Amino acid sequence: MTRPVERSGTFLVLGEAEGQALVLSQALSFWGGIDVETGDITDHSHPGLGQNVAGKILVMPGGRGSSSSSSVLAEAIRRGTAPAGILIERPDPILAVGAIVAEFLYGIRMPLVVCEIAGIVSGDQVLVGIREDGGAIVKI
Amino acid sequence: MTLELTAQDRSVLDGGQGPSAAAAMKILVAFSNAIGAGSLLDISGAHIDGCLYHGKAGLDFVERLVEGGGRVRVPTTLNVGSFDLIHPGMVKMPEGEEVPARRLMTAHMELGCQATFTCAPYQTRFRPEFGQQIAWGESNAIVFANSVIGARTNRYGDFIDLCCALTGRAPAWGLHLSDNRRGRILFELDIAEPAPSDSLFVGVGLIVGQASGDRIPVISGLPRPRDEDQLKALGAAAATTGAVALFHAVGITPEAGTLDEAFQGHAPEETIRVTQADIDHALARLSAVPDGAPLSAVSLGTPHFSHEEWVRLLSLLHAVAPGRGIPIYVNTGRATLTRLQEEGALAGMEAFGLIPVADTCTYVTSILKRLDGVVMTNSGKWAHYAPGNIGVTVAFADVEDCIRSAAAGHVVRSAP
């Protein structure tokens, strides 16, 4: 890899993370969309079916679906089956609530960042850091 | 947009009202930033959909708020739980699951929430009034409050409904604001002098939910409903097949005196004609079996049966007198049940197979004794979710046909 790229973003939930990118072309609903015990994507109508989100930097256009996704994300963070961080293009309140509740309960920070996602491909090593002004910096 | 907090909001955030209120405010701020709200507003009530046990995180959250001395700041009702606390033994569950599921219900009460355990809080003394700002969870309750009452709530859910209750605040956004309540898509009922049957309202709801997307639907040509229970059924169906949080029915619901009022002077973005054939088709999809199929149970009361629905049902049971022992489950709120018992209205009704269920619902937990046969229901919502949730086969019909079928022992339906 000889193409280090940096882009800035906005934190919906503050934190630092590093991991391999898992890029989804469509938004994923955590409720009804992942197996909380494993992190496997189980939504049969989703192109990411069969992939695993655990420990990845999940990259997708936005959130989707029922507000029950907040509980599922919080539960996945508790169990260690959640992504290490999530990058989305459109702000999503349901994912934000799930992540902030998990931080409140378990002290585990899963950063949720709104940023440009074009150009990131699955398998890229992605680093999410905090800028001095509190903004997000995403290094690929 | 940047979120502007008042001095009072900041003080809560900084722990001025204790650690639980501070945590609730922090979560509310994160949510409000994610949706781009500019400020928070006061609410006068909340309804919490947090009593169904889905995993440890949900219970940990409420326990932590209890430990931190959390108390709701506004009158707050609770949605159904996994248990019927009124009828011990009704729900069958392994002990390992039962303990946390029961605790989830009582922990909410320790935060000062009312033990209503009903999906129809609008049928309790905590019913909001026109124009009131509230923060409600539970899809059917949300659509009823907005549409039939004209109170104002967004679709709140997991954690955030409770954060609003603990702070008495909600983001000034979405359906809390007048401009955002205008209709966008018009459904024209194309049926000459339609009869106000229960099925008509369910069918219209199913179609409206499916076709509205995120646009607020306006329905014209609906007959005047017999009572608000028919609008309850319409809303519940629309919030099942879609994400409808508010509908306007021209000449019927409070923000839709005229078509123009419903659209706030704008033109509809799209108009959809709804025929009797469309309604028959939508309803037919709710039934997986033909007439004549053997029946194992009837389930009514999704959403929870109102007192008026009970009165009609009881008179129907006396008239038809089903005697084959087929259970007729009726989900209802505990306050409604208490009133019926005080009136002596339920005496002797078990002979007809009647089994009242309180605090929960037959499709979210294990109540039904037999799951192998066909279960008949008058609820579009139950018909939609029960096959996936508890694995039953469903036949949909009006309540009259449900009771006639219980008497016959197999599915009997009048011609549509």
# chains A, B, ... in the order shown; residues from 1 in each chain; ligands from 1
>>> residues_around(residues="A:Ala54", least_positions_apart="5", cutoff="9 Å", atoms="only C-alpha atoms", output="VMD selection string")
chain A and resid 38 to 40 76 80 to 84
>>> write_last_selection(atoms="N, CA and C atoms", output="PDB file, in the first residue's frame")
ATOM      1  N   THR A  38     -22.260 -13.483  16.728  1.00  0.00           N
ATOM      2  CA  THR A  38     -21.074 -13.700  15.891  1.00  0.00           C
ATOM      3  C   THR A  38     -20.641 -12.465  15.113  1.00  0.00           C
ATOM      4  N   GLY A  39     -21.572 -11.553  14.857  1.00  0.00           N
ATOM      5  CA  GLY A  39     -21.282 -10.418  13.990  1.00  0.00           C
ATOM      6  C   GLY A  39     -21.495 -10.718  12.510  1.00  0.00           C
ATOM      7  N   ASP A  40     -21.984 -11.910  12.212  1.00  0.00           N
ATOM      8  CA  ASP A  40     -22.265 -12.258  10.807  1.00  0.00           C
ATOM      9  C   ASP A  40     -23.461 -11.464  10.286  1.00  0.00           C
ATOM     10  N   ALA A  76     -24.143  -5.887  20.663  1.00  0.00           N
ATOM     11  CA  ALA A  76     -22.986  -6.389  19.902  1.00  0.00           C
ATOM     12  C   ALA A  76     -21.685  -5.783  20.433  1.00  0.00           C
ATOM     13  N   GLY A  80     -18.536  -7.845  22.004  1.00  0.00           N
ATOM     14  CA  GLY A  80     -17.323  -7.826  21.190  1.00  0.00           C
ATOM     15  C   GLY A  80     -17.543  -8.299  19.756  1.00  0.00           C
ATOM     16  N   THR A  81     -18.785  -8.307  19.313  1.00  0.00           N
ATOM     17  CA  THR A  81     -19.062  -8.725  17.932  1.00  0.00           C
ATOM     18  C   THR A  81     -19.389  -7.537  17.033  1.00  0.00           C
ATOM     19  N   ALA A  82     -19.272  -6.325  17.567  1.00  0.00           N
ATOM     20  CA  ALA A  82     -19.584  -5.121  16.787  1.00  0.00           C
ATOM     21  C   ALA A  82     -18.367  -4.706  15.968  1.00  0.00           C
ATOM     22  N   PRO A  83     -18.573  -3.819  14.999  1.00  0.00           N
ATOM     23  CA  PRO A  83     -17.422  -3.238  14.312  1.00  0.00           C
ATOM     24  C   PRO A  83     -16.559  -2.456  15.312  1.00  0.00           C
ATOM     25  N   ALA A  84     -15.264  -2.232  14.952  1.00  0.00           N
ATOM     26  CA  ALA A  84     -14.393  -1.391  15.783  1.00  0.00           C
ATOM     27  C   ALA A  84     -14.788   0.070  15.627  1.00  0.00           C
TER      28      ALA A  84
END
>>> closest_atom_pairs(of="chain B", to="chain A", cutoff="12 Å", atoms="only C-alpha atoms", output="tab-separated table")
residue	atom	partner	partner_atom	distance
B:Pro19	CA	A:Phe104	CA	10.9
B:Ser20	CA	A:Phe104	CA	10.4
B:Ala22	CA	A:Phe104	CA	10.8
B:Ala23	CA	A:Phe104	CA	7.3
B:Ala24	CA	A:Val101	CA	9.3
B:Met25	CA	A:Ile100	CA	11.3
B:Lys26	CA	A:Ile100	CA	8.4
B:Ile27	CA	A:Val97	CA	6.3
B:Leu28	CA	A:Val97	CA	8.1
B:Val29	CA	A:Val97	CA	9.7
B:Ala30	CA	A:Ala96	CA	6.6
B:Phe31	CA	A:Pro93	CA	5.0
B:Ser32	CA	A:Pro93	CA	7.5
B:Asn33	CA	A:Leu12	CA	7.3
B:Ala34	CA	A:Pro93	CA	4.9
B:Ile35	CA	A:Pro93	CA	6.0
B:Gly36	CA	A:Pro91	CA	8.6
B:Ala37	CA	A:Pro93	CA	11.0
B:Asp49	CA	A:Ser68	CA	10.0
B:Gly50	CA	A:Ser68	CA	9.9
B:Leu52	CA	A:Ser68	CA	11.1
B:Tyr53	CA	A:Ser71	CA	10.5
B:His54	CA	A:Ser71	CA	7.9
B:Gly55	CA	A:Glu75	CA	6.9
B:Lys56	CA	A:Glu75	CA	6.9
B:Ala57	CA	A:Glu75	CA	5.2
B:Gly58	CA	A:Ser71	CA	6.5
B:Leu59	CA	A:Ser71	CA	10.2
B:Asp60	CA	A:Leu105	CA	7.2
B:Phe61	CA	A:Leu105	CA	6.6
B:Val62	CA	A:Leu105	CA	10.1
B:Glu63	CA	A:Leu105	CA	10.0
B:Arg64	CA	A:Leu105	CA	7.5
B:Leu65	CA	A:Leu105	CA	9.9
B:Gly137	CA	A:Ser67	CA	9.5
B:Glu138	CA	A:Ser67	CA	10.2
B:Ser139	CA	A:Ser66	CA	10.3
B:Asn154	CA	A:Ser67	CA	11.7
B:Arg155	CA	A:Ser67	CA	8.4
B:Tyr156	CA	A:Ser67	CA	7.4
B:Gly157	CA	A:Ser67	CA	5.2
B:Asp158	CA	A:Ser68	CA	5.7
B:Phe159	CA	A:Val97	CA	7.4
B:Ile160	CA	A:Val97	CA	7.3
B:Asp161	CA	A:Ser67	CA	10.5
B:Leu162	CA	A:Val97	CA	11.9
B:Cys163	CA	A:Val97	CA	10.4
B:Pro171	CA	A:Pro93	CA	11.7
B:Gly213	CA	A:Gly65	CA	12.0
B:Asp214	CA	A:Gly65	CA	11.8
B:Ala239	CA	A:Ser66	CA	11.5
B:Thr240	CA	A:Ser66	CA	11.4
B:Gly242	CA	A:Gly65	CA	10.5
B:Ala243	CA	A:Ser66	CA	8.9
B:Gly388	CA	A:Gly32	CA	11.9
>>> write_last_selection(atoms="C-alpha atoms", output="PDB file, in the first residue's frame")
ATOM      1  CA  PRO B  19     -25.876  10.930  37.084  1.00  0.00           C
ATOM      2  CA  SER B  20     -28.878   9.231  35.459  1.00  0.00           C
ATOM      3  CA  ALA B  22     -26.945  13.498  32.956  1.00  0.00           C
ATOM      4  CA  ALA B  23     -26.516  10.240  31.038  1.00  0.00           C
ATOM      5  CA  ALA B  24     -30.008  10.584  29.551  1.00  0.00           C
ATOM      6  CA  MET B  25     -29.217  14.149  28.451  1.00  0.00           C
ATOM      7  CA  LYS B  26     -25.912  13.067  26.926  1.00  0.00           C
ATOM      8  CA  ILE B  27     -27.650  10.389  24.847  1.00  0.00           C
ATOM      9  CA  LEU B  28     -30.400  12.830  23.879  1.00  0.00           C
ATOM     10  CA  VAL B  29     -27.767  15.350  22.737  1.00  0.00           C
ATOM     11  CA  ALA B  30     -25.992  12.690  20.610  1.00  0.00           C
ATOM     12  CA  PHE B  31     -29.326  11.744  19.040  1.00  0.00           C
ATOM     13  CA  SER B  32     -30.272  15.390  18.434  1.00  0.00           C
ATOM     14  CA  ASN B  33     -26.922  16.124  16.798  1.00  0.00           C
ATOM     15  CA  ALA B  34     -27.323  13.104  14.522  1.00  0.00           C
ATOM     16  CA  ILE B  35     -30.706  14.322  13.268  1.00  0.00           C
ATOM     17  CA  GLY B  36     -29.630  17.955  13.050  1.00  0.00           C
ATOM     18  CA  ALA B  37     -32.083  19.393  15.599  1.00  0.00           C
ATOM     19  CA  ASP B  49     -41.324   0.635  24.531  1.00  0.00           C
ATOM     20  CA  GLY B  50     -38.535  -0.949  26.566  1.00  0.00           C
ATOM     21  CA  LEU B  52     -39.649  -6.630  26.061  1.00  0.00           C
ATOM     22  CA  TYR B  53     -36.438  -8.453  26.913  1.00  0.00           C
ATOM     23  CA  HIS B  54     -34.116  -8.606  23.875  1.00  0.00           C
ATOM     24  CA  GLY B  55     -30.739  -8.964  25.585  1.00  0.00           C
ATOM     25  CA  LYS B  56     -28.541  -7.923  28.470  1.00  0.00           C
ATOM     26  CA  ALA B  57     -27.696  -4.413  27.202  1.00  0.00           C
ATOM     27  CA  GLY B  58     -31.356  -3.348  27.441  1.00  0.00           C
ATOM     28  CA  LEU B  59     -31.624  -4.474  31.073  1.00  0.00           C
ATOM     29  CA  ASP B  60     -28.169  -3.116  31.999  1.00  0.00           C
ATOM     30  CA  PHE B  61     -29.268   0.297  30.734  1.00  0.00           C
ATOM     31  CA  VAL B  62     -32.349   0.489  32.937  1.00  0.00           C
ATOM     32  CA  GLU B  63     -30.517  -0.976  35.968  1.00  0.00           C
ATOM     33  CA  ARG B  64     -27.791   1.676  35.621  1.00  0.00           C
ATOM     34  CA  LEU B  65     -30.393   4.445  35.506  1.00  0.00           C
ATOM     35  CA  GLY B 137     -42.441   4.572  21.429  1.00  0.00           C
ATOM     36  CA  GLU B 138     -44.533   1.698  19.917  1.00  0.00           C
ATOM     37  CA  SER B 139     -45.574   2.152  16.298  1.00  0.00           C
ATOM     38  CA  ASN B 154     -41.786  11.305  16.353  1.00  0.00           C
ATOM     39  CA  ARG B 155     -41.102   7.579  16.147  1.00  0.00           C
ATOM     40  CA  TYR B 156     -39.023   7.190  19.271  1.00  0.00           C
ATOM     41  CA  GLY B 157     -37.588   3.818  20.168  1.00  0.00           C
ATOM     42  CA  ASP B 158     -34.827   1.997  21.974  1.00  0.00           C
ATOM     43  CA  PHE B 159     -33.283   4.001  24.867  1.00  0.00           C
ATOM     44  CA  ILE B 160     -34.198   7.412  23.466  1.00  0.00           C
ATOM     45  CA  ASP B 161     -37.838   7.314  24.604  1.00  0.00           C
ATOM     46  CA  LEU B 162     -36.618   6.754  28.170  1.00  0.00           C
ATOM     47  CA  CYS B 163     -33.990   9.526  27.826  1.00  0.00           C
ATOM     48  CA  PRO B 171     -35.480  17.362  20.006  1.00  0.00           C
ATOM     49  CA  GLY B 213     -42.539   5.441   2.130  1.00  0.00           C
ATOM     50  CA  ASP B 214     -41.441   8.387   4.261  1.00  0.00           C
ATOM     51  CA  ALA B 239     -47.380   1.205  10.854  1.00  0.00           C
ATOM     52  CA  THR B 240     -46.923  -2.535  10.218  1.00  0.00           C
ATOM     53  CA  GLY B 242     -44.678   0.794   6.511  1.00  0.00           C
ATOM     54  CA  ALA B 243     -43.121   3.396   8.776  1.00  0.00           C
ATOM     55  CA  GLY B 388     -42.577 -14.947  11.867  1.00  0.00           C
TER      56      GLY B 388
END
>>> select_by_dssp(residues="stretch 141-375 of chain B", states="alpha helix (DSSP H)", output="PDB file with C-alpha atoms, in the first residue's frame")
ATOM      1  CA  ALA B 141     -49.401   4.222  19.677  1.00  0.00           C
ATOM      2  CA  ILE B 142     -47.305   6.789  17.798  1.00  0.00           C
ATOM      3  CA  VAL B 143     -49.571   6.812  14.754  1.00  0.00           C
ATOM      4  CA  PHE B 144     -52.711   6.977  16.937  1.00  0.00           C
ATOM      5  CA  ILE B 160     -34.198   7.412  23.466  1.00  0.00           C
ATOM      6  CA  ASP B 161     -37.838   7.314  24.604  1.00  0.00           C
ATOM      7  CA  LEU B 162     -36.618   6.754  28.170  1.00  0.00           C
ATOM      8  CA  CYS B 163     -33.990   9.526  27.826  1.00  0.00           C
ATOM      9  CA  CYS B 164     -36.783  11.938  26.854  1.00  0.00           C
ATOM     10  CA  ALA B 165     -38.822  10.811  29.899  1.00  0.00           C
ATOM     11  CA  LEU B 166     -35.881  11.238  32.293  1.00  0.00           C
ATOM     12  CA  THR B 167     -35.158  14.753  31.023  1.00  0.00           C
ATOM     13  CA  ASP B 198     -63.579  -3.142  10.338  1.00  0.00           C
ATOM     14  CA  SER B 199     -61.884  -4.861   7.393  1.00  0.00           C
ATOM     15  CA  LEU B 200     -62.105  -1.753   5.216  1.00  0.00           C
ATOM     16  CA  PHE B 201     -60.060   0.241   7.725  1.00  0.00           C
ATOM     17  CA  VAL B 202     -57.469  -2.542   8.075  1.00  0.00           C
ATOM     18  CA  GLY B 203     -57.211  -2.903   4.289  1.00  0.00           C
ATOM     19  CA  VAL B 204     -56.755   0.838   3.731  1.00  0.00           C
ATOM     20  CA  GLY B 205     -54.082   0.860   6.458  1.00  0.00           C
ATOM     21  CA  LEU B 206     -52.141  -1.982   4.831  1.00  0.00           C
ATOM     22  CA  ILE B 207     -52.126  -0.208   1.452  1.00  0.00           C
ATOM     23  CA  VAL B 208     -51.244   3.212   2.879  1.00  0.00           C
ATOM     24  CA  GLY B 209     -48.344   1.734   4.858  1.00  0.00           C
ATOM     25  CA  GLN B 210     -46.952  -0.061   1.856  1.00  0.00           C
ATOM     26  CA  ALA B 211     -47.078   2.848  -0.578  1.00  0.00           C
ATOM     27  CA  SER B 212     -46.274   5.904   1.565  1.00  0.00           C
ATOM     28  CA  GLU B 228     -61.904   5.440  17.004  1.00  0.00           C
ATOM     29  CA  ASP B 229     -61.118   1.715  17.237  1.00  0.00           C
ATOM     30  CA  GLN B 230     -61.438   1.537  13.453  1.00  0.00           C
ATOM     31  CA  LEU B 231     -58.888   4.339  13.090  1.00  0.00           C
ATOM     32  CA  LYS B 232     -56.699   2.485  15.611  1.00  0.00           C
ATOM     33  CA  ALA B 233     -56.833  -0.581  13.328  1.00  0.00           C
ATOM     34  CA  LEU B 234     -56.018   1.526  10.251  1.00  0.00           C
ATOM     35  CA  GLY B 235     -53.015   3.139  11.920  1.00  0.00           C
ATOM     36  CA  ALA B 236     -51.704  -0.129  13.353  1.00  0.00           C
ATOM     37  CA  ALA B 237     -51.850  -1.735   9.903  1.00  0.00           C
ATOM     38  CA  ALA B 238     -50.147   1.261   8.234  1.00  0.00           C
ATOM     39  CA  ALA B 239     -47.380   1.205  10.854  1.00  0.00           C
ATOM     40  CA  THR B 240     -46.923  -2.535  10.218  1.00  0.00           C
ATOM     41  CA  THR B 241     -46.511  -2.545   6.433  1.00  0.00           C
ATOM     42  CA  LEU B 259     -58.097  18.332   1.820  1.00  0.00           C
ATOM     43  CA  ASP B 260     -56.428  21.731   1.725  1.00  0.00           C
ATOM     44  CA  GLU B 261     -55.857  21.751   5.479  1.00  0.00           C
ATOM     45  CA  ALA B 262     -54.342  18.256   5.356  1.00  0.00           C
ATOM     46  CA  GLN B 276     -62.269  -2.411  -3.497  1.00  0.00           C
ATOM     47  CA  ALA B 277     -60.167  -4.938  -5.439  1.00  0.00           C
ATOM     48  CA  ASP B 278     -56.962  -3.413  -3.994  1.00  0.00           C
ATOM     49  CA  ILE B 279     -58.377  -3.762  -0.492  1.00  0.00           C
ATOM     50  CA  ASP B 280     -59.567  -7.341  -1.048  1.00  0.00           C
ATOM     51  CA  HIS B 281     -56.116  -8.220  -2.395  1.00  0.00           C
ATOM     52  CA  ALA B 282     -54.284  -6.654   0.578  1.00  0.00           C
ATOM     53  CA  LEU B 283     -56.531  -8.480   3.047  1.00  0.00           C
ATOM     54  CA  ALA B 284     -56.286 -11.815   1.217  1.00  0.00           C
ATOM     55  CA  HIS B 307     -63.607  -1.200  26.616  1.00  0.00           C
ATOM     56  CA  GLU B 308     -65.920  -0.542  23.648  1.00  0.00           C
ATOM     57  CA  GLU B 309     -64.437  -3.472  21.718  1.00  0.00           C
ATOM     58  CA  TRP B 310     -64.949  -5.701  24.773  1.00  0.00           C
ATOM     59  CA  VAL B 311     -68.606  -4.720  25.062  1.00  0.00           C
ATOM     60  CA  ARG B 312     -69.240  -5.667  21.431  1.00  0.00           C
ATOM     61  CA  LEU B 313     -67.269  -8.915  21.797  1.00  0.00           C
ATOM     62  CA  LEU B 314     -69.096 -10.011  24.951  1.00  0.00           C
ATOM     63  CA  SER B 315     -72.485  -9.489  23.369  1.00  0.00           C
ATOM     64  CA  LEU B 316     -71.297 -11.429  20.309  1.00  0.00           C
ATOM     65  CA  LEU B 317     -70.084 -14.306  22.523  1.00  0.00           C
ATOM     66  CA  HIS B 318     -73.479 -14.475  24.243  1.00  0.00           C
ATOM     67  CA  ALA B 319     -75.232 -14.515  20.876  1.00  0.00           C
ATOM     68  CA  VAL B 320     -73.022 -17.103  19.127  1.00  0.00           C
ATOM     69  CA  ARG B 334     -54.778  -4.157  32.847  1.00  0.00           C
ATOM     70  CA  ALA B 335     -56.836  -1.014  33.541  1.00  0.00           C
ATOM     71  CA  THR B 336     -59.442  -2.080  30.969  1.00  0.00           C
ATOM     72  CA  LEU B 337     -59.497  -5.590  32.435  1.00  0.00           C
ATOM     73  CA  THR B 338     -59.987  -4.260  35.972  1.00  0.00           C
ATOM     74  CA  ARG B 339     -62.911  -2.141  34.831  1.00  0.00           C
ATOM     75  CA  LEU B 340     -64.569  -5.142  33.158  1.00  0.00           C
ATOM     76  CA  GLN B 341     -64.087  -7.252  36.266  1.00  0.00           C
ATOM     77  CA  GLU B 342     -65.579  -4.528  38.451  1.00  0.00           C
TER      78      GLU B 342
END
>>> residues_around(residues="stretch 362-366 of chain B", least_positions_apart="5", cutoff="7 Å", atoms="only C-alpha atoms", output="ChimeraX atom specification")
/B:82,91-92,382,386,389-390
>>> write_last_selection(atoms="C-alpha atoms", output="PDB file, in the first residue's frame")
ATOM      1  CA  SER B  82     -42.860 -10.394  28.063  1.00  0.00           C
ATOM      2  CA  VAL B  91     -46.625 -17.205  29.910  1.00  0.00           C
ATOM      3  CA  LYS B  92     -44.348 -20.231  29.704  1.00  0.00           C
ATOM      4  CA  TRP B 382     -51.039  -9.693  14.393  1.00  0.00           C
ATOM      5  CA  ALA B 386     -47.327 -13.731  14.234  1.00  0.00           C
ATOM      6  CA  ASN B 389     -42.613 -14.396  15.634  1.00  0.00           C
ATOM      7  CA  ILE B 390     -44.277 -17.552  16.936  1.00  0.00           C
TER       8      ILE B 390
END
>>> residues_around(residues="B:Phe187", least_positions_apart="4", cutoff="8 Å", atoms="only C-alpha atoms", output="PyMOL selection string")
chain B and resi 208+217-220+271-274
>>> select_by_dssp(residues="stretch 54-84 of chain A", states="strand (DSSP E or B)", output="JSON, numbers by chain")
{"A": [57, 58, 59, 60]}
>>> residues_around(residues="A:Glu18", least_positions_apart="4", cutoff="10 Å", atoms="only C-alpha atoms", output="list in words")
Gly55, Lys56, Ile57, Ala84, Gly85, Gln125, Val126, Leu127, Val128, Gly129, Val138, Lys139 and Ile140 of chain A
>>> closest_residue(among="A:Thr10, A:Gln51, A:Gln26, A:Ser45", to="A:Ile130", atoms="only C-alpha atoms")
A:Thr10
>>> closest_residue(among="A:Val5, A:Ala136, A:Leu49, A:Met110", to="A:Gly32", atoms="only C-alpha atoms")
A:Leu49
>>> closest_residue(among="B:Val289, B:Leu78, B:Val374, B:Ala170", to="B:Asp9", atoms="only C-alpha atoms")
B:Ala170
